[in-house]
>>> print(open('upload.txt').read())   # compact mmCIF, C-alpha atoms
# COMPACT_ATOMS: atom_id res chain seq x y z
CA MET A 76 -23.51 -106.61 20.49
CA ARG A 77 -26.72 -104.65 21.10
CA LEU A 78 -27.46 -102.96 17.80
CA LEU A 79 -30.02 -100.42 16.65
CA LEU A 80 -30.19 -100.36 12.85
CA ASP A 81 -31.06 -96.99 11.34
CA GLU A 82 -33.67 -96.95 8.58
CA ASN A 83 -31.03 -96.70 5.86
CA VAL A 84 -29.55 -100.10 6.89
CA SER A 85 -32.74 -101.71 8.13
CA GLY A 86 -33.22 -104.25 5.36
CA HIS A 87 -34.69 -107.50 6.69
CA SER A 88 -31.77 -109.59 5.36
CA LEU A 89 -29.14 -107.66 7.32
CA ALA A 90 -31.18 -107.71 10.54
CA GLU A 91 -31.68 -111.47 10.14
CA GLU A 92 -27.99 -112.14 9.41
CA LEU A 93 -26.97 -110.18 12.48
CA ARG A 94 -29.49 -111.99 14.69
CA CYS A 95 -28.28 -115.34 13.39
CA ALA A 96 -24.75 -114.27 14.35
CA GLY A 97 -25.95 -113.82 17.93
CA HIS A 98 -26.36 -110.05 18.11
CA HIS A 99 -29.32 -108.40 19.80
CA VAL A 100 -30.81 -106.39 16.93
CA GLU A 101 -33.54 -103.78 16.86
CA THR A 102 -34.46 -101.67 13.86
CA VAL A 103 -35.58 -98.06 13.92
CA THR A 104 -38.40 -98.90 11.54
CA ALA A 105 -39.85 -101.62 13.79
CA THR A 106 -39.00 -100.18 17.21
CA LEU A 107 -39.36 -96.42 16.82
CA GLY A 108 -41.31 -96.14 13.56
CA PRO A 109 -40.51 -94.90 10.06
CA GLY A 110 -39.30 -91.32 9.83
CA THR A 111 -37.94 -91.13 13.40
CA SER A 112 -35.51 -88.23 13.77
CA ASP A 113 -31.79 -88.77 14.31
CA LEU A 114 -31.98 -87.15 17.75
CA ALA A 115 -34.78 -89.50 18.82
CA ILE A 116 -32.77 -92.46 17.52
CA ALA A 117 -29.71 -91.35 19.49
CA ALA A 118 -31.82 -90.88 22.64
CA ALA A 119 -33.31 -94.38 22.29
CA ALA A 120 -29.84 -95.87 21.70
CA LEU A 121 -28.46 -94.16 24.79
CA SER A 122 -31.30 -95.31 27.03
CA GLY A 123 -31.25 -98.86 25.64
CA GLY A 124 -27.46 -99.21 25.52
CA HIS A 125 -27.51 -99.83 21.76
CA VAL A 126 -24.76 -99.23 19.25
CA VAL A 127 -26.34 -97.35 16.33
CA LEU A 128 -25.49 -98.63 12.85
CA THR A 129 -26.18 -95.98 10.22
CA ARG A 130 -25.24 -94.61 6.81
CA ASP A 131 -26.01 -91.03 7.87
CA CYS A 132 -22.41 -90.68 9.01
CA ASP A 133 -22.06 -86.92 9.14
CA ASP A 134 -25.38 -86.28 10.88
CA PHE A 135 -24.72 -88.86 13.60
CA ARG A 136 -21.08 -87.98 14.20
CA VAL A 137 -22.24 -84.39 14.86
CA ILE A 138 -24.81 -85.62 17.43
CA TYR A 139 -22.42 -88.10 19.07
CA GLY A 140 -19.61 -85.56 19.09
CA ARG A 141 -21.60 -83.59 21.66
CA LEU A 142 -22.09 -86.56 24.00
CA SER A 143 -19.68 -87.23 26.85
CA GLU A 144 -20.80 -90.89 27.09
CA HIS A 145 -22.43 -93.16 24.55
CA PRO A 146 -22.62 -96.91 23.78
CA GLY A 147 -20.84 -96.55 20.43
CA LEU A 148 -21.51 -95.56 16.85
CA LEU A 149 -20.91 -97.69 13.75
CA LEU A 150 -20.91 -95.79 10.45
CA VAL A 151 -21.12 -97.15 6.92
CA TYR A 152 -19.78 -95.22 3.93
CA GLY A 153 -21.78 -95.90 0.80
CA PHE A 154 -21.05 -96.91 -2.78
CA GLU A 155 -18.42 -99.54 -2.00
CA GLY A 156 -19.89 -102.06 -4.43
CA LYS A 157 -20.53 -105.59 -3.17
CA ALA A 158 -18.81 -104.75 0.14
CA LEU A 159 -22.17 -103.37 1.24
CA ALA A 160 -24.09 -106.61 0.66
CA SER A 161 -25.90 -107.78 3.80
CA GLY A 162 -23.54 -110.74 4.31
CA ALA A 163 -20.47 -108.52 4.03
CA LEU A 164 -21.88 -105.98 6.47
CA ALA A 165 -22.70 -108.73 8.97
CA GLY A 166 -19.16 -110.07 8.54
CA ALA A 167 -17.73 -106.62 9.24
CA VAL A 168 -19.83 -106.32 12.41
CA ALA A 169 -18.40 -109.68 13.51
CA ASN A 170 -14.88 -108.36 12.89
CA VAL A 171 -15.66 -105.26 14.98
CA ALA A 172 -16.96 -107.44 17.82
CA ARG A 173 -13.81 -109.61 17.69
CA THR A 174 -11.55 -106.53 17.69
CA TYR A 175 -13.28 -104.53 20.41
CA PRO A 176 -15.15 -106.17 23.32
CA SER A 177 -16.94 -102.86 23.96
CA LEU A 178 -17.60 -99.88 21.69
CA GLN A 179 -18.21 -97.52 24.61
CA ASN A 180 -17.59 -93.93 23.42
CA MET A 181 -16.14 -95.17 20.12
CA ILE A 182 -17.02 -93.93 16.64
CA LEU A 183 -15.97 -96.41 13.95
CA THR A 184 -16.58 -96.98 10.28
CA LEU A 185 -17.61 -100.49 9.35
CA ASN A 186 -15.73 -99.99 6.07
CA ASP A 187 -12.48 -100.49 8.01
CA PHE A 188 -13.59 -104.01 8.93
CA PHE A 189 -14.26 -105.64 5.56
CA TRP A 190 -11.72 -108.45 5.72
CA MET B 250 -26.89 -68.87 -42.67
CA ALA B 251 -26.10 -65.28 -41.68
CA ARG B 252 -25.66 -64.83 -37.95
CA ARG B 253 -25.90 -61.69 -35.90
CA ARG B 254 -23.95 -61.38 -32.67
CA TRP B 255 -25.72 -60.19 -29.55
CA GLN B 256 -23.51 -58.54 -26.96
CA VAL B 257 -24.94 -57.57 -23.60
CA ASP B 258 -23.36 -55.69 -20.72
CA LEU B 259 -24.17 -57.60 -17.54
CA ARG B 260 -24.45 -56.22 -14.03
CA SER B 261 -23.32 -58.55 -11.24
CA GLU B 262 -26.93 -59.53 -10.42
CA ASP B 263 -27.43 -60.34 -14.11
CA GLU B 264 -24.37 -62.61 -13.95
CA LEU B 265 -25.97 -64.56 -11.12
CA THR B 266 -29.24 -64.83 -13.02
CA LEU B 267 -27.43 -65.99 -16.15
CA THR B 268 -25.65 -68.68 -14.13
CA ARG B 269 -29.04 -69.79 -12.81
CA VAL B 270 -30.47 -69.81 -16.36
CA ARG B 271 -27.62 -72.05 -17.52
CA GLN B 272 -28.25 -74.48 -14.64
CA VAL B 273 -32.03 -74.55 -14.93
CA LEU B 274 -32.29 -74.70 -18.70
CA GLY B 275 -29.33 -77.07 -19.01
CA ALA B 276 -27.48 -74.65 -21.31
CA GLU B 277 -23.81 -75.36 -22.01
CA GLY B 278 -22.72 -71.74 -22.26
CA ASP B 279 -23.93 -68.15 -22.43
CA SER B 280 -24.90 -68.37 -26.11
CA GLU B 281 -27.01 -71.45 -25.53
CA ALA B 282 -28.54 -69.84 -22.43
CA GLY B 283 -29.48 -66.79 -24.51
CA ARG B 284 -31.09 -68.97 -27.17
CA ALA B 285 -32.99 -70.92 -24.48
CA LEU B 286 -34.33 -67.68 -23.03
CA LEU B 287 -35.45 -66.53 -26.48
CA ALA B 288 -37.20 -69.88 -27.03
CA LEU B 289 -38.94 -69.51 -23.67
CA PHE B 290 -40.10 -66.01 -24.58
CA ALA B 291 -41.32 -67.24 -27.98
CA LYS B 292 -43.33 -70.03 -26.32
CA LEU B 293 -44.96 -67.70 -23.80
CA SER B 294 -45.69 -64.93 -26.28
CA ALA B 295 -47.18 -67.39 -28.80
CA ALA B 296 -49.49 -68.68 -26.06
CA VAL B 297 -50.64 -65.17 -25.16
CA GLU B 298 -51.22 -64.34 -28.82
CA GLN B 299 -53.48 -67.40 -29.06
CA GLY B 300 -55.68 -65.97 -26.31
CA ILE B 301 -54.17 -67.79 -23.35
CA THR B 302 -53.73 -65.89 -20.10
CA ILE B 303 -50.61 -66.89 -18.20
CA SER B 304 -51.54 -67.10 -14.53
CA PHE B 305 -49.98 -68.42 -11.35
CA LEU B 306 -51.64 -71.14 -9.28
CA PRO B 307 -50.15 -73.24 -6.47
CA GLY B 308 -48.72 -76.45 -7.91
CA ASP B 309 -51.16 -78.59 -5.91
CA ASP B 310 -54.21 -76.66 -7.14
CA PRO B 311 -56.28 -79.14 -9.19
CA ARG B 312 -56.88 -76.41 -11.80
CA ALA B 313 -53.15 -75.98 -12.39
CA VAL B 314 -51.85 -77.27 -15.70
CA ASP B 315 -48.08 -77.17 -16.04
CA ALA B 316 -47.35 -75.12 -19.18
CA LEU B 317 -43.59 -75.44 -18.74
CA PRO B 318 -42.95 -78.97 -17.41
CA GLU B 319 -39.27 -78.89 -18.41
CA PHE B 320 -38.87 -75.74 -16.32
CA THR B 321 -40.68 -77.28 -13.34
CA ARG B 322 -38.63 -80.48 -13.53
CA ALA B 323 -35.39 -78.48 -13.62
CA LEU B 324 -36.30 -76.27 -10.67
CA ARG B 325 -38.18 -78.86 -8.60
CA PRO B 326 -36.94 -82.32 -9.63
CA GLU B 327 -39.10 -83.96 -6.95
CA SER B 328 -42.21 -82.91 -8.90
CA ARG B 329 -41.41 -85.74 -11.34
CA TYR B 330 -41.88 -88.28 -8.53
CA ARG B 331 -44.67 -89.40 -6.25
CA TRP B 332 -42.54 -91.20 -3.65
CA LEU B 333 -39.43 -89.02 -3.54
CA VAL B 334 -39.16 -85.71 -1.71
CA ALA B 335 -36.57 -83.04 -1.02
CA VAL B 336 -35.59 -83.05 2.66
CA PRO B 337 -33.96 -79.97 4.21
CA HIS B 338 -30.35 -80.82 5.09
CA PRO B 339 -27.23 -78.71 5.71
CA TRP B 340 -25.50 -79.95 2.55
CA ARG B 341 -27.26 -82.96 1.03
CA LYS B 342 -29.41 -82.20 -2.01
CA GLN B 343 -30.49 -85.61 -3.32
CA LEU B 344 -34.08 -86.72 -2.85
CA SER B 345 -35.25 -89.11 -0.13
CA ILE B 346 -38.05 -91.64 0.18
CA LYS B 347 -41.23 -89.90 1.36
CA GLY B 348 -41.95 -90.54 5.05
CA ARG B 349 -38.70 -92.46 5.53
CA ARG B 350 -35.17 -91.40 6.41
CA ILE B 351 -33.56 -93.15 3.47
CA THR B 352 -32.05 -91.28 0.54
CA ALA B 353 -32.60 -92.49 -2.99
CA GLY B 354 -28.86 -93.15 -3.22
CA GLN B 355 -28.74 -95.24 -0.04
CA LEU B 356 -31.64 -97.40 -1.22
CA VAL B 357 -30.24 -97.98 -4.70
CA ASP B 358 -26.75 -98.59 -3.33
CA SER B 359 -28.10 -101.35 -1.08
CA MET B 360 -30.11 -102.77 -3.99
CA GLU B 361 -27.05 -102.89 -6.25
CA ALA B 362 -24.74 -104.30 -3.56
CA ASN B 363 -27.14 -107.17 -2.89
CA ASP B 364 -28.15 -107.75 -6.52
CA PHE B 365 -31.77 -107.26 -5.46
CA SER B 366 -34.55 -106.66 -7.95
CA ILE B 367 -36.94 -103.76 -7.43
CA GLU B 368 -39.49 -106.12 -5.88
CA GLU B 369 -36.91 -107.70 -3.55
CA THR B 370 -35.73 -104.26 -2.43
CA ALA B 371 -39.32 -103.21 -1.79
CA ARG B 372 -39.82 -106.27 0.46
CA GLU B 373 -36.49 -105.70 2.23
CA TYR B 374 -37.37 -102.14 3.20
CA ASP B 375 -41.17 -102.44 3.44
CA LEU B 376 -41.66 -100.00 0.60
CA PRO B 377 -43.98 -99.96 -2.41
CA ALA B 378 -42.20 -101.22 -5.55
CA GLU B 379 -43.12 -97.92 -7.21
CA ALA B 380 -41.05 -96.03 -4.61
CA VAL B 381 -38.01 -98.21 -5.32
CA ALA B 382 -38.52 -97.81 -9.09
CA GLU B 383 -38.60 -94.04 -8.67
CA ALA B 384 -35.37 -94.14 -6.63
CA VAL B 385 -33.72 -96.20 -9.38
CA ASP B 386 -34.85 -93.70 -12.01
CA TYR B 387 -33.67 -90.76 -9.90
CA VAL B 388 -30.22 -92.22 -9.25
CA ALA B 389 -29.82 -93.08 -12.95
CA ARG B 390 -30.45 -89.43 -13.78
CA ASN B 391 -28.42 -87.99 -10.89
CA ARG B 392 -25.58 -90.46 -10.26
CA PRO B 393 -22.84 -87.76 -10.25
CA LEU B 394 -24.68 -85.90 -7.47
CA VAL B 395 -25.29 -89.09 -5.48
CA LEU B 396 -21.64 -90.17 -5.75
CA ALA B 397 -20.40 -86.68 -4.87
CA GLU B 398 -22.57 -86.69 -1.75
CA ALA B 399 -21.28 -90.13 -0.74
CA ALA B 400 -17.73 -88.75 -1.04
CA GLU B 401 -18.70 -85.66 0.94
CA GLU B 402 -20.20 -87.86 3.69
CA ARG B 403 -16.88 -89.68 3.99
CA ARG B 404 -14.78 -86.48 3.85
CA ARG B 405 -16.77 -84.84 6.62
CA THR B 406 -16.74 -87.93 8.85
CA GLU B 407 -13.15 -89.21 8.60
CA PRO B 408 -11.56 -86.71 11.04
CA PHE B 409 -14.04 -87.64 13.76
CA LEU B 410 -13.53 -91.41 13.84
CA THR B 411 -12.12 -92.32 17.23
CA HIS B 412 -10.49 -95.59 16.11
CA ARG B 413 -9.18 -96.90 12.80
CA ALA B 414 -8.57 -100.55 12.01
CA THR B 415 -6.69 -102.52 9.40
CA ALA B 416 -7.08 -106.16 8.50
CA PRO B 417 -5.08 -108.45 10.83
CA ARG B 418 -2.12 -110.29 9.24
>>> encode(input="upload.txt", output="structure tokens")
Amino acid sequence: MRLLLDENVSGHSLAEELRCAGHHVETVTATLGPGTSDLAIAAAALSGGHVVLTRDCDDFRVIYGRLSEHPGLLLVYGFEGKALASGALAGAVANVARTYPSLQNMILTLNDFFW
Amino acid sequence: MARRRWQVDLRSEDELTLTRVRQVLGAEGDSEAGRALLALFAKLSAAVEQGITISFLPGDDPRAVDALPEFTRALRPESRYRWLVAVPHPWRKQLSIKGRRITAGQLVDSMEANDFSIEETAREYDLPAEAVAEAVDYVARNRPLVLAEAAEERRRTEPFLTHRATAPR
């Protein structure tokens, strides 16, 4: 999966775990710079064919709701205890990838895939 | 101790102000809010009687000395912190990390989920340890707000998910 990690999920451990699992991972912090706006992140994801992974669920679902085509959006609800540890998040991304070969035009919550 | 009751007829705009007083001064009810206002008046009037002139300066003016820090903290909680700022948002009120698009709650949630120390979290997110420590302090003081906003995030998002999944059997 081609992933763009928003700043709020851009911890080095998660990026590393996802890369080790074979995903192509870019982070907003490293690629676009700290403080990049949600709209600029969405634009970069669209042009690069990246699925955005973010905890700003409401803000991004509003932006993506206006798009007719997009590469996919993965949302993470917070305060789920240890489920949000880097290893668990990487495991959930793997479950998403096994369930759906493509996330084209899909908006999912990673919280559905903690198994 | 003999007590005297104080009854006041309130106009609707006074009601709003009284509600604000209760919130800002942390008063439990109207009586406590009234006593807090009297204490505030006593503090200001005592200062004036001692020869102090109460003046208004911008908060970032180096000559400004905060005479009412409890008032400032209640109205502008970010003034307590160096690394946390209020970011305009349609409904979210919690503070965020300055210059970054990470809320204090998101950072502390990740820290707790991973059992990271403050220093480990700072390395994970390329932040100064002081910024992480401030986020920890802020969330400790405002956990009900942070949890309520996490719930609101979920409530607003759920109807717009295009696919739901359950664990395979």
>>> residues_around(input="upload.txt", residues="Gly108 (chain A)", least_positions_apart="6", cutoff="10 Å", atoms="all atoms listed in the file", output="PyMOL selection string")
(chain A and resi 82+102) or (chain B and resi 349)
>>> residues_near_point(input="upload.txt", point="(-11.3, -98.2, 7.3)", cutoff="12 Å", atoms="all atoms listed in the file", output="ChimeraX atom specification")
/A:149-152,155,167,171,182-190 /B:403,406-407,410-416
>>> atom_distance(input="upload.txt", atom1="CA of Phe154 (chain A)", atom2="CA of Leu128 (chain A)")
16.3 Å
>>> interface_residues(input="upload.txt", of="chain B", to="chain A", cutoff="12 Å", atoms="only C-alpha atoms", output="PyMOL selection string")
chain B and resi 336+338-341+345-365+369-376+392-393+395-418
>>> residues_around(input="upload.txt", residues="Leu114 (chain A)", least_positions_apart="3", cutoff="8 Å", atoms="only C-alpha atoms", output="number ranges by chain")
A: 117-118, 138
>>> atom_distance(input="upload.txt", atom1="CA of Leu394 (chain B)", atom2="CA of Ala380 (chain B)")
19.5 Å
>>> atom_distance(input="upload.txt", atom1="CA of Asp279 (chain B)", atom2="CA of Ser304 (chain B)")
28.7 Å
>>> axis_aligned_box(input="upload.txt", around="region 361-378 of chain B", padding_each_side="5 Å", output="lines of an AutoDock Vina configuration file")
center_x = -34.4
center_y = -103.9
center_z = -2.3
size_x = 29.2
size_y = 17.8
size_z = 21.4
>>> residues_around(input="upload.txt", residues="Ser294 (chain B)", least_positions_apart="6", cutoff="10 Å", atoms="only C-alpha atoms", output="list in words")
Ala288, Ile301 and Ile303 of chain B
>>> residues_around(input="upload.txt", residues="Val257 (chain B)", least_positions_apart="3", cutoff="12 Å", atoms="only C-alpha atoms", output="PyMOL selection string")
chain B and resi 254+260+263-264+267+279-280+283
>>> residues_around(input="upload.txt", residues="Leu79 (chain A)", least_positions_apart="5", cutoff="8 Å", atoms="all atoms listed in the file", output="JSON, numbers by chain")
{"A": [100, 101, 102, 103, 120, 125, 126, 127, 128]}
>>> closest_residue(input="upload.txt", among="B:Arg252, B:Arg329, B:Arg312, B:Arg271", to="Asp386 (chain B)", atoms="only C-alpha atoms")
B:Arg329
>>> residues_near_point(input="upload.txt", point="(-25.3, -94.7, 24.8)", cutoff="6 Å", atoms="only C-alpha atoms", output="ChimeraX atom specification")
/A:120-121,124,145-146
